[in-house]
Amino acid sequence: MAGERVLLIDESAAVQDMAKAALEENGYRVTTASNGLAALSHPDLEQFDLILIDSSMEGLDGLETTRFIKTDSETHQIPVLLLVPEEELSERSNQSLRGAVGYLAKPFTPMQITTKAREAILDQQLRNQAEQYLTDASERHMNELAEHKIQQAVERKIQIIVERAIQSIVSIIDQRAKREVDARVTALVSDKEQALVKVTVQEVARSMIEKLAERKVTEAMEQILVAQTEKTVKRAVDTMLPGMIRDRLRESIENNLPREIQTRVDKAAMEKAQEIGEGVVVVIQQQAQKIVPLVAKEKLPEIAERAIAVASESKIPQLVQTEARAAVANELNSRIAPMIEDRFQRLSKRVYAAVLLLAIVTLAAVIMAFVVPTIQKVITGDDVPATSTPVQQQQASPAATPAAP
Amino acid sequence: MQGSLAQIQLPEILQFLSMGKGSGLLTLSRGGQEIVLHVRHGRIINSSSIERQRRLGELLIQRGILRRSTLSEVLRLQRTVETDKRVGQILVERDYVTEQQIREVLRLQLEEEIWNLFAWEEGEFRFEAVEADKLGDAIVGIDIEPLILEGTRRHDEWKKIQKTLPDDHTIVSVKKLGDEFKRELKLSPTEWRVLAALNGKCSVRAVINRSAMGRFEVFNILYQFVRKGILEVRAPQAAMIPVPGPGAAGPGVDELARGPQKKASGGPSLLSLLGGGKKDKAADHLDFISPVGALSAFINAAVEALSNTKDYRTATAERNALDRMWRDLTMTFTRADLVVVRGNHIDASRVEAYFAAFEFSAAIQDTYEDSMEALFNLLDLAYRMFASRMGERQTMKIVRETLNTFSPRVRMRHGGQFNLEDRVQAALKLAA
């Protein structure tokens, strides 16, 4: 042990001098001061290995100085020995040493002061060593703990990262799948829509065609009816009535029988027309009941009535009236009557044929309007009853309703 | 060249000498005080105060360069063998100190003294031209120009300092610290040396001696500390040692004779160390550890005897004369502070206890020498005080009687060659 630095604080210059000499003889390097503040304000206080302090100094005494040294982070580890006057020992023995490692009675022998100094420094060195061991051990432990904690933290972090990554991937996949499904669905819907549009367009087109066809049929029927009627009447007139008779008849009719002939013709025509009309209605109803029960029922009477009206109100009365004027009153009546009857029978046949055609077209339209969507619904999974009534079919597909002529 | 310092001040005179590169002796006198400065080629090389042999030795002792015993030995040699040599020369020749150490101490002391002279605003001066060769050896040579510059600066500072610290006897002490104190005081090494020298009892002069630093420097540092609130200036009374009342003026001769044994013991543990510490009734011996104890007891006895004389008692009732003198002496002999003087009674028990504990080893040498020197000075001062009051003849008579009675009974454990009677007679120049 040599070269340890000792700071000696004592009021007395003599004590400083003697203690310094004793310690220096034993290899210590001694700095002396006369008050506590000097001890605390030494520029290198923390570098001392031991501080010896006079317990009873004026101003800042030894105990207070010790307290300041021991509560300073830079100097607390320095051992402090109190120098206590012998007469104060009993009084001091009950007092706190304020962190000092012990005391040395004054006056002291060179042996006592060097022994105490050596012991205090050795104790401190041992404490430092022990502290170092403890520090090393605690550092090791802390390092291990820290490593363990870090590892745990890393693992947790990795787990979290992996979980997040998985979540992220799942989310991406979900999104992609959703987008894909959406795209598919959109595409399918688009296809369906296109198909529907196509079907609708077809239906509309078909409806238009049907309407057009109906109108054309009606027109054709009207033209044929008019043409045939005209032709038949002209031929009857041309063949059966010579010019003379015609003139005479014309004269007679003009003079004698204009009103009666008119009345009879009207009456006969009315009766025949009624008959024919009823017959047509019956046929149509039969057909309609078979194919288009309700709509056909509603529409066909209209058509029949219109046809009858046209025939009866505009064409037949005029022809009959015109031709009747030229006919002979009673004789010709019997001949004209079967002819007219024959005409109406023929007309009825044609009307039947026309109605039949119309019915076929309507049926076709109904089939197009109901069956195709039903099939489509079945394809798309809609729960459509397999056996639906024609009425339901017709209600479900207004587009299939045939337009009245 | 001569004149009044009130008309021409010292800096102007020195400047004139510096410019003229003059050589000679500049004598400055004020109220009976006379100082002679040796000037060679415009540089100051010595002063009469420094020339005093003992002064140089004291300076070296104060700075811890020289032991008092060594100085005593050298002074003895100078008186007996090497009478033609100066003290400094003998010290260097015998390797007690180096020439460099002497030069530094002298330069510092010389500068201090000249700066002190700058404060003289009255007095007389006289310059006497002397050939440079006849001025003796120049150990130091101080340039006057920088000295004047520094002196002027110090003079201004000095005025401020003196308002706080009026003189050397001013006592400064460390203030109590609050709980919030933190170690934030940053001190230079010289500042710390000054602070470390304060013990709450010593005057500024003691601080100067204990720190072995220049007077102005110490004053300036202390002044700064006071301004910062670290130190407080105490009224001189506050630091005085409590004085016993008239009833405790001092023990009788018999009591004094027993005193050293009791006091030197210091405590039970030291009784055993003292061994023959008890009064030997058969031989009526007085046992002491060292000459310090013996001399202290003798002074106590002499003062007691002198104080009890009818003449002194009627002259004055000065009860604290020794106390006052001792305080003054310990400002110079700082390591004599274990010797305590209360009223007119010296208590050497503490220092004797240490001497016993240290078995009078080399470690106590400086303390012993300072204590002895201070005690002889005290004896001299007390003797002169009593002589001035009672007349030297009567004083001498009483002291001699006391010495004759006291001295044969003295036994010292570590007395060595010390002879109390001889030393006291030599110190007081008492007729045999």
# chains A, B, ... in the order shown; residues from 1 in each chain; ligands from 1
call {"tool": "residues_around", "arguments": {"residues": "range 121-131 of chain B", "least_positions_apart": "5", "cutoff": "6 Å", "atoms": "only C-alpha atoms", "output": "MDAnalysis selection string"}}
result
chainID B and resid 1:6 23:30
call {"tool": "interface_residues", "arguments": {"of": "chain A", "to": "chain B", "cutoff": "6 Å", "atoms": "only C-alpha atoms", "output": "list of chain:residue names"}}
result
A:Glu11, A:Ala13, A:Ala14, A:Met18, A:Ala21, A:Ala22, A:Ala33, A:Ser34, A:Asn35, A:Ala38, A:Ser41, A:Glu58, A:Gly59, A:Leu60, A:Pro107, A:Thr109
call {"tool": "write_last_selection", "arguments": {"atoms": "C-alpha atoms", "output": "CSV table (one decimal), in the first residue's frame"}}
result
chain,number,residue,atom,x,y,z
A,11,GLU,CA,-8.6,23.3,12.6
A,13,ALA,CA,-2.1,23.6,11.9
A,14,ALA,CA,-0.1,21.6,14.4
A,18,MET,CA,2.0,16.0,12.8
A,21,ALA,CA,4.2,13.7,8.8
A,22,ALA,CA,3.0,10.4,10.3
A,33,ALA,CA,-7.0,22.0,5.1
A,34,SER,CA,-8.5,23.8,8.1
A,35,ASN,CA,-12.2,23.8,7.4
A,38,ALA,CA,-12.2,23.6,1.8
A,41,SER,CA,-14.5,22.5,-2.6
A,58,GLU,CA,-16.1,26.1,13.6
A,59,GLY,CA,-18.5,26.9,10.8
A,60,LEU,CA,-19.0,23.7,8.9
A,107,PRO,CA,-4.6,12.9,20.4
A,109,THR,CA,-0.4,8.1,18.0
call {"tool": "residues_around", "arguments": {"residues": "range 102-115 of chain B", "least_positions_apart": "5", "cutoff": "9 Å", "atoms": "only C-alpha atoms", "output": "list in words"}}
result
Leu37, Ile44, Ile45, Asn46, Ser47, Ser49, Ile50, Leu56, Leu59, Leu60, Arg63, Gly88, Val92, Val97, Ile139, Val140, Gly141, Ile142, Leu147, Ile148, Glu150, Gly151, Thr152, Arg154, His155, Met213, Gly214, Arg215 and Phe216 of chain B
call {"tool": "write_last_selection", "arguments": {"atoms": "N, CA and C atoms", "output": "mmCIF file, in the first residue's frame"}}
result
data_model
loop_
_atom_site.group_PDB
_atom_site.id
_atom_site.type_symbol
_atom_site.label_atom_id
_atom_site.label_comp_id
_atom_site.auth_asym_id
_atom_site.auth_seq_id
_atom_site.Cartn_x
_atom_site.Cartn_y
_atom_site.Cartn_z
ATOM 1 N N LEU B 37 15.846 50.756 -0.007
ATOM 2 C CA LEU B 37 15.802 49.930 -1.216
ATOM 3 C C LEU B 37 17.143 50.055 -1.941
ATOM 4 N N ILE B 44 15.621 47.135 -8.836
ATOM 5 C CA ILE B 44 15.685 46.962 -7.380
ATOM 6 C C ILE B 44 16.260 45.573 -7.089
ATOM 7 N N ILE B 45 17.293 45.545 -6.283
ATOM 8 C CA ILE B 45 17.922 44.240 -6.016
ATOM 9 C C ILE B 45 17.771 43.784 -4.560
ATOM 10 N N ASN B 46 17.405 44.678 -3.682
ATOM 11 C CA ASN B 46 17.300 44.261 -2.279
ATOM 12 C C ASN B 46 16.549 45.326 -1.472
ATOM 13 N N SER B 47 16.175 44.939 -0.259
ATOM 14 C CA SER B 47 15.610 45.942 0.650
ATOM 15 C C SER B 47 16.143 45.669 2.055
ATOM 16 N N SER B 49 14.642 45.470 4.835
ATOM 17 C CA SER B 49 13.831 44.541 5.622
ATOM 18 C C SER B 49 14.177 43.097 5.267
ATOM 19 N N ILE B 50 14.440 42.865 4.018
ATOM 20 C CA ILE B 50 14.803 41.515 3.580
ATOM 21 C C ILE B 50 16.192 41.157 4.118
ATOM 22 N N LEU B 56 14.535 36.267 6.258
ATOM 23 C CA LEU B 56 14.612 35.319 5.139
ATOM 24 C C LEU B 56 14.297 33.901 5.623
ATOM 25 N N LEU B 59 10.648 33.438 6.194
ATOM 26 C CA LEU B 59 9.921 33.276 4.916
ATOM 27 C C LEU B 59 10.055 31.846 4.397
ATOM 28 N N LEU B 60 11.263 31.313 4.520
ATOM 29 C CA LEU B 60 11.491 29.949 4.038
ATOM 30 C C LEU B 60 10.735 28.925 4.910
ATOM 31 N N ARG B 63 6.993 28.939 4.125
ATOM 32 C CA ARG B 63 6.671 28.241 2.877
ATOM 33 C C ARG B 63 6.991 26.752 2.937
ATOM 34 N N GLY B 88 21.433 33.088 3.775
ATOM 35 C CA GLY B 88 21.055 32.454 2.513
ATOM 36 C C GLY B 88 22.212 31.667 1.924
ATOM 37 N N VAL B 92 22.343 27.629 1.200
ATOM 38 C CA VAL B 92 22.574 27.052 -0.127
ATOM 39 C C VAL B 92 23.796 26.156 -0.095
ATOM 40 N N VAL B 97 18.535 24.583 1.141
ATOM 41 C CA VAL B 97 17.618 25.125 0.125
ATOM 42 C C VAL B 97 18.418 25.352 -1.162
ATOM 43 N N ILE B 139 20.797 38.965 -5.499
ATOM 44 C CA ILE B 139 20.160 37.647 -5.683
ATOM 45 C C ILE B 139 18.961 37.795 -6.621
ATOM 46 N N VAL B 140 18.271 38.904 -6.476
ATOM 47 C CA VAL B 140 17.144 39.173 -7.381
ATOM 48 C C VAL B 140 17.328 40.544 -8.024
ATOM 49 N N GLY B 141 16.670 40.745 -9.142
ATOM 50 C CA GLY B 141 16.675 42.049 -9.788
ATOM 51 C C GLY B 141 15.275 42.299 -10.340
ATOM 52 N N ILE B 142 14.624 43.301 -9.810
ATOM 53 C CA ILE B 142 13.230 43.512 -10.225
ATOM 54 C C ILE B 142 13.134 44.743 -11.121
ATOM 55 N N LEU B 147 6.610 46.625 -12.224
ATOM 56 C CA LEU B 147 6.305 46.716 -10.797
ATOM 57 C C LEU B 147 5.371 47.896 -10.524
ATOM 58 N N ILE B 148 5.643 49.009 -11.220
ATOM 59 C CA ILE B 148 4.808 50.205 -11.030
ATOM 60 C C ILE B 148 3.399 49.961 -11.569
ATOM 61 N N GLU B 150 1.810 47.095 -11.935
ATOM 62 C CA GLU B 150 1.092 46.191 -11.033
ATOM 63 C C GLU B 150 0.756 46.900 -9.716
ATOM 64 N N GLY B 151 1.704 47.703 -9.239
ATOM 65 C CA GLY B 151 1.502 48.439 -7.991
ATOM 66 C C GLY B 151 0.325 49.396 -8.091
ATOM 67 N N THR B 152 0.222 50.085 -9.234
ATOM 68 C CA THR B 152 -0.880 51.034 -9.427
ATOM 69 C C THR B 152 -2.219 50.296 -9.419
ATOM 70 N N ARG B 154 -2.866 47.408 -8.045
ATOM 71 C CA ARG B 154 -3.128 46.906 -6.694
ATOM 72 C C ARG B 154 -3.573 48.036 -5.762
ATOM 73 N N HIS B 155 -2.988 49.190 -5.978
ATOM 74 C CA HIS B 155 -3.330 50.325 -5.125
ATOM 75 C C HIS B 155 -4.835 50.639 -5.218
ATOM 76 N N MET B 213 1.501 32.623 0.885
ATOM 77 C CA MET B 213 1.264 33.382 -0.349
ATOM 78 C C MET B 213 1.438 34.875 -0.091
ATOM 79 N N GLY B 214 1.438 35.644 -1.188
ATOM 80 C CA GLY B 214 1.622 37.086 -1.080
ATOM 81 C C GLY B 214 0.453 37.748 -0.352
ATOM 82 N N ARG B 215 0.769 38.864 0.302
ATOM 83 C CA ARG B 215 -0.226 39.548 1.133
ATOM 84 C C ARG B 215 -1.410 40.030 0.297
ATOM 85 N N PHE B 216 -1.074 40.739 -0.792
ATOM 86 C CA PHE B 216 -2.157 41.287 -1.622
ATOM 87 C C PHE B 216 -3.019 40.166 -2.212
#
call {"tool": "residues_around", "arguments": {"residues": "Gly102 in chain A", "least_positions_apart": "4", "cutoff": "12 Å", "atoms": "only C-alpha atoms", "output": "list of chain:residue names"}}
result
A:Leu50, A:Ile51, A:Leu52, A:Ile53, A:Ser55, A:Leu63, A:Thr66, A:Pro79, A:Val80, A:Leu81, A:Leu82, A:Leu83, A:Val84, A:Leu89, A:Arg92, A:Ser93, A:Gln95, A:Ser96, A:Leu97, A:Arg98, A:Ile113, A:Lys116, A:Ala117, A:Glu119, A:Ala120, A:Ile121, A:Asp123
call {"tool": "write_last_selection", "arguments": {"atoms": "N, CA and C atoms", "output": "PDB file, in the first residue's frame"}}
result
ATOM      1  N   LEU A  50      -9.084   8.583   1.074  1.00  0.00           N
ATOM      2  CA  LEU A  50      -9.547   8.663   2.460  1.00  0.00           C
ATOM      3  C   LEU A  50      -9.630  10.133   2.862  1.00  0.00           C
ATOM      4  N   ILE A  51     -10.652  10.423   3.672  1.00  0.00           N
ATOM      5  CA  ILE A  51     -10.760  11.783   4.203  1.00  0.00           C
ATOM      6  C   ILE A  51     -10.818  11.688   5.731  1.00  0.00           C
ATOM      7  N   LEU A  52      -9.930  12.411   6.363  1.00  0.00           N
ATOM      8  CA  LEU A  52      -9.912  12.476   7.832  1.00  0.00           C
ATOM      9  C   LEU A  52     -10.424  13.859   8.215  1.00  0.00           C
ATOM     10  N   ILE A  53     -11.477  13.889   9.044  1.00  0.00           N
ATOM     11  CA  ILE A  53     -12.080  15.184   9.362  1.00  0.00           C
ATOM     12  C   ILE A  53     -12.202  15.401  10.864  1.00  0.00           C
ATOM     13  N   SER A  55     -13.896  16.490  13.954  1.00  0.00           N
ATOM     14  CA  SER A  55     -15.348  16.523  14.196  1.00  0.00           C
ATOM     15  C   SER A  55     -15.832  17.884  14.674  1.00  0.00           C
ATOM     16  N   LEU A  63     -19.119  16.533  11.100  1.00  0.00           N
ATOM     17  CA  LEU A  63     -20.280  15.693  10.783  1.00  0.00           C
ATOM     18  C   LEU A  63     -21.045  16.235   9.580  1.00  0.00           C
ATOM     19  N   THR A  66     -19.061  15.597   6.533  1.00  0.00           N
ATOM     20  CA  THR A  66     -19.196  14.176   6.176  1.00  0.00           C
ATOM     21  C   THR A  66     -20.521  13.936   5.459  1.00  0.00           C
ATOM     22  N   PRO A  79     -14.107   6.780   1.888  1.00  0.00           N
ATOM     23  CA  PRO A  79     -14.275   6.558   3.332  1.00  0.00           C
ATOM     24  C   PRO A  79     -13.880   7.802   4.128  1.00  0.00           C
ATOM     25  N   VAL A  80     -14.662   8.081   5.153  1.00  0.00           N
ATOM     26  CA  VAL A  80     -14.381   9.261   5.992  1.00  0.00           C
ATOM     27  C   VAL A  80     -14.157   8.790   7.425  1.00  0.00           C
ATOM     28  N   LEU A  81     -13.078   9.272   8.004  1.00  0.00           N
ATOM     29  CA  LEU A  81     -12.786   8.984   9.421  1.00  0.00           C
ATOM     30  C   LEU A  81     -12.889  10.273  10.198  1.00  0.00           C
ATOM     31  N   LEU A  82     -13.634  10.231  11.300  1.00  0.00           N
ATOM     32  CA  LEU A  82     -13.777  11.444  12.113  1.00  0.00           C
ATOM     33  C   LEU A  82     -12.675  11.492  13.162  1.00  0.00           C
ATOM     34  N   LEU A  83     -12.089  12.665  13.323  1.00  0.00           N
ATOM     35  CA  LEU A  83     -11.089  12.869  14.370  1.00  0.00           C
ATOM     36  C   LEU A  83     -11.814  13.534  15.546  1.00  0.00           C
ATOM     37  N   VAL A  84     -11.998  12.771  16.612  1.00  0.00           N
ATOM     38  CA  VAL A  84     -12.808  13.263  17.739  1.00  0.00           C
ATOM     39  C   VAL A  84     -11.907  13.501  18.955  1.00  0.00           C
ATOM     40  N   LEU A  89     -15.417  11.931  23.253  1.00  0.00           N
ATOM     41  CA  LEU A  89     -15.713  10.578  22.747  1.00  0.00           C
ATOM     42  C   LEU A  89     -17.032  10.016  23.266  1.00  0.00           C
ATOM     43  N   ARG A  92     -19.856  11.737  21.656  1.00  0.00           N
ATOM     44  CA  ARG A  92     -19.970  11.415  20.215  1.00  0.00           C
ATOM     45  C   ARG A  92     -20.399   9.965  19.976  1.00  0.00           C
ATOM     46  N   SER A  93     -20.079   9.106  20.928  1.00  0.00           N
ATOM     47  CA  SER A  93     -20.331   7.678  20.684  1.00  0.00           C
ATOM     48  C   SER A  93     -21.809   7.392  20.484  1.00  0.00           C
ATOM     49  N   GLN A  95     -23.781   9.493  18.945  1.00  0.00           N
ATOM     50  CA  GLN A  95     -24.274  10.234  17.786  1.00  0.00           C
ATOM     51  C   GLN A  95     -24.073   9.449  16.490  1.00  0.00           C
ATOM     52  N   SER A  96     -24.889   9.828  15.518  1.00  0.00           N
ATOM     53  CA  SER A  96     -24.724   9.211  14.200  1.00  0.00           C
ATOM     54  C   SER A  96     -23.412   9.678  13.595  1.00  0.00           C
ATOM     55  N   LEU A  97     -22.760   8.784  12.902  1.00  0.00           N
ATOM     56  CA  LEU A  97     -21.488   9.159  12.257  1.00  0.00           C
ATOM     57  C   LEU A  97     -21.718   9.799  10.893  1.00  0.00           C
ATOM     58  N   ARG A  98     -22.985   9.913  10.507  1.00  0.00           N
ATOM     59  CA  ARG A  98     -23.368  10.555   9.227  1.00  0.00           C
ATOM     60  C   ARG A  98     -22.638   9.946   8.022  1.00  0.00           C
ATOM     61  N   ILE A 113      -3.132   6.416  13.820  1.00  0.00           N
ATOM     62  CA  ILE A 113      -3.659   7.104  12.636  1.00  0.00           C
ATOM     63  C   ILE A 113      -3.335   6.330  11.356  1.00  0.00           C
ATOM     64  N   LYS A 116      -5.572   3.098  11.366  1.00  0.00           N
ATOM     65  CA  LYS A 116      -6.970   3.429  11.039  1.00  0.00           C
ATOM     66  C   LYS A 116      -7.123   3.791   9.565  1.00  0.00           C
ATOM     67  N   ALA A 117      -6.165   4.574   9.092  1.00  0.00           N
ATOM     68  CA  ALA A 117      -6.217   4.995   7.685  1.00  0.00           C
ATOM     69  C   ALA A 117      -6.130   3.775   6.776  1.00  0.00           C
ATOM     70  N   GLU A 119      -6.798   0.653   7.497  1.00  0.00           N
ATOM     71  CA  GLU A 119      -8.007  -0.179   7.617  1.00  0.00           C
ATOM     72  C   GLU A 119      -9.162   0.416   6.818  1.00  0.00           C
ATOM     73  N   ALA A 120      -9.321   1.720   6.965  1.00  0.00           N
ATOM     74  CA  ALA A 120     -10.439   2.369   6.260  1.00  0.00           C
ATOM     75  C   ALA A 120     -10.283   2.233   4.750  1.00  0.00           C
ATOM     76  N   ILE A 121      -9.041   2.421   4.283  1.00  0.00           N
ATOM     77  CA  ILE A 121      -8.812   2.334   2.826  1.00  0.00           C
ATOM     78  C   ILE A 121      -8.997   0.893   2.354  1.00  0.00           C
ATOM     79  N   ASP A 123     -10.779  -1.468   3.830  1.00  0.00           N
ATOM     80  CA  ASP A 123     -12.214  -1.783   3.894  1.00  0.00           C
ATOM     81  C   ASP A 123     -12.918  -1.257   2.656  1.00  0.00           C
TER      82      ASP A 123
END
call {"tool": "atom_distance", "arguments": {"atom1": "CA of Lys310 in chain B", "atom2": "CA of Phe406 in chain B"}}
result
21.5 Å
call {"tool": "select_by_dssp", "arguments": {"residues": "range 60-112 of chain A", "states": "helix (DSSP H, G or I)", "output": "JSON, numbers by chain"}}
result
{"A": [62, 63, 64, 65, 66, 67, 68, 69, 70, 86, 87, 88, 89, 90, 91, 92, 93, 110, 111, 112]}
call {"tool": "residues_around", "arguments": {"residues": "Gln425 in chain B", "least_positions_apart": "4", "cutoff": "12 Å", "atoms": "only C-alpha atoms", "output": "short mmCIF file (atom, residue, chain, number, x, y, z; two decimals) with C-alpha atoms, in the first residue's frame"}}
result
data_model
loop_
_atom_site.label_atom_id
_atom_site.label_comp_id
_atom_site.auth_asym_id
_atom_site.auth_seq_id
_atom_site.Cartn_x
_atom_site.Cartn_y
_atom_site.Cartn_z
CA PHE B 376 10.00 32.29 23.93
CA LEU B 379 8.07 35.15 27.43
CA ASP B 380 9.98 38.04 25.94
CA TYR B 383 8.76 40.14 30.41
CA MET B 396 14.13 40.44 36.46
CA VAL B 399 11.65 36.00 37.11
CA ARG B 400 15.06 34.86 38.26
CA GLU B 401 13.70 33.73 41.59
CA THR B 402 10.97 31.83 39.90
CA LEU B 403 13.45 30.28 37.51
CA ASN B 404 15.76 29.30 40.34
CA SER B 407 14.18 24.92 37.01
CA ASN B 419 18.16 23.32 29.67
CA LEU B 420 15.36 25.54 30.80
CA GLU B 421 17.46 27.81 32.92
CA LYS B 429 19.43 38.11 28.68
CA LEU B 430 19.13 37.76 32.43
CA ALA B 431 22.25 38.32 34.41
CA ALA B 432 23.42 35.18 35.98
#
call {"tool": "select_by_dssp", "arguments": {"residues": "range 107-248 of chain B", "states": "strand (DSSP E or B)", "output": "PyMOL selection string"}}
result
chain B and resi 124-129+142-143+171-174+203+231-234
call {"tool": "write_last_selection", "arguments": {"atoms": "N, CA and C atoms", "output": "PDB file, in the first residue's frame"}}
result
ATOM      1  N   GLU B 124       9.278  60.699   4.224  1.00  0.00           N
ATOM      2  CA  GLU B 124      10.415  61.320   3.545  1.00  0.00           C
ATOM      3  C   GLU B 124      11.127  60.287   2.682  1.00  0.00           C
ATOM      4  N   PHE B 125      11.812  60.816   1.661  1.00  0.00           N
ATOM      5  CA  PHE B 125      12.649  59.906   0.877  1.00  0.00           C
ATOM      6  C   PHE B 125      14.024  60.560   0.671  1.00  0.00           C
ATOM      7  N   ARG B 126      14.992  59.707   0.484  1.00  0.00           N
ATOM      8  CA  ARG B 126      16.335  60.217   0.231  1.00  0.00           C
ATOM      9  C   ARG B 126      17.046  59.216  -0.668  1.00  0.00           C
ATOM     10  N   PHE B 127      17.631  59.719  -1.749  1.00  0.00           N
ATOM     11  CA  PHE B 127      18.376  58.818  -2.628  1.00  0.00           C
ATOM     12  C   PHE B 127      19.849  59.186  -2.574  1.00  0.00           C
ATOM     13  N   GLU B 128      20.595  58.167  -2.347  1.00  0.00           N
ATOM     14  CA  GLU B 128      22.038  58.349  -2.199  1.00  0.00           C
ATOM     15  C   GLU B 128      22.714  57.495  -3.265  1.00  0.00           C
ATOM     16  N   ALA B 129      23.397  58.162  -4.204  1.00  0.00           N
ATOM     17  CA  ALA B 129      24.036  57.419  -5.293  1.00  0.00           C
ATOM     18  C   ALA B 129      25.221  56.626  -4.750  1.00  0.00           C
ATOM     19  N   ILE B 142      14.624  43.301  -9.810  1.00  0.00           N
ATOM     20  CA  ILE B 142      13.230  43.512 -10.225  1.00  0.00           C
ATOM     21  C   ILE B 142      13.134  44.743 -11.121  1.00  0.00           C
ATOM     22  N   ASP B 143      12.539  44.540 -12.291  1.00  0.00           N
ATOM     23  CA  ASP B 143      12.325  45.679 -13.199  1.00  0.00           C
ATOM     24  C   ASP B 143      11.255  46.592 -12.615  1.00  0.00           C
ATOM     25  N   ILE B 171     -10.522  39.041  11.157  1.00  0.00           N
ATOM     26  CA  ILE B 171     -10.735  37.587  11.200  1.00  0.00           C
ATOM     27  C   ILE B 171     -11.868  37.218  10.236  1.00  0.00           C
ATOM     28  N   VAL B 172     -11.574  36.267   9.381  1.00  0.00           N
ATOM     29  CA  VAL B 172     -12.606  35.792   8.451  1.00  0.00           C
ATOM     30  C   VAL B 172     -12.870  34.319   8.726  1.00  0.00           C
ATOM     31  N   SER B 173     -14.120  33.936   8.567  1.00  0.00           N
ATOM     32  CA  SER B 173     -14.433  32.517   8.777  1.00  0.00           C
ATOM     33  C   SER B 173     -15.457  32.051   7.752  1.00  0.00           C
ATOM     34  N   VAL B 174     -15.528  30.742   7.616  1.00  0.00           N
ATOM     35  CA  VAL B 174     -16.438  30.132   6.645  1.00  0.00           C
ATOM     36  C   VAL B 174     -17.862  30.212   7.171  1.00  0.00           C
ATOM     37  N   SER B 203      -6.419  35.240  11.890  1.00  0.00           N
ATOM     38  CA  SER B 203      -6.575  36.514  11.198  1.00  0.00           C
ATOM     39  C   SER B 203      -6.060  36.399   9.763  1.00  0.00           C
ATOM     40  N   LEU B 231     -17.524  33.544   2.788  1.00  0.00           N
ATOM     41  CA  LEU B 231     -16.892  33.871   4.066  1.00  0.00           C
ATOM     42  C   LEU B 231     -17.606  35.058   4.704  1.00  0.00           C
ATOM     43  N   GLU B 232     -17.403  35.164   5.998  1.00  0.00           N
ATOM     44  CA  GLU B 232     -17.928  36.344   6.689  1.00  0.00           C
ATOM     45  C   GLU B 232     -16.805  36.944   7.536  1.00  0.00           C
ATOM     46  N   VAL B 233     -16.871  38.251   7.663  1.00  0.00           N
ATOM     47  CA  VAL B 233     -15.868  38.946   8.464  1.00  0.00           C
ATOM     48  C   VAL B 233     -16.375  38.981   9.892  1.00  0.00           C
ATOM     49  N   ARG B 234     -15.521  38.571  10.799  1.00  0.00           N
ATOM     50  CA  ARG B 234     -15.922  38.509  12.210  1.00  0.00           C
ATOM     51  C   ARG B 234     -15.323  39.672  12.969  1.00  0.00           C
TER      52      ARG B 234
END
call {"tool": "closest_residue", "arguments": {"among": "A:Asp266, A:Asp238, A:Glu210, A:Asp182", "to": "Leu358 in chain A", "atoms": "only C-alpha atoms"}}
result
A:Glu210
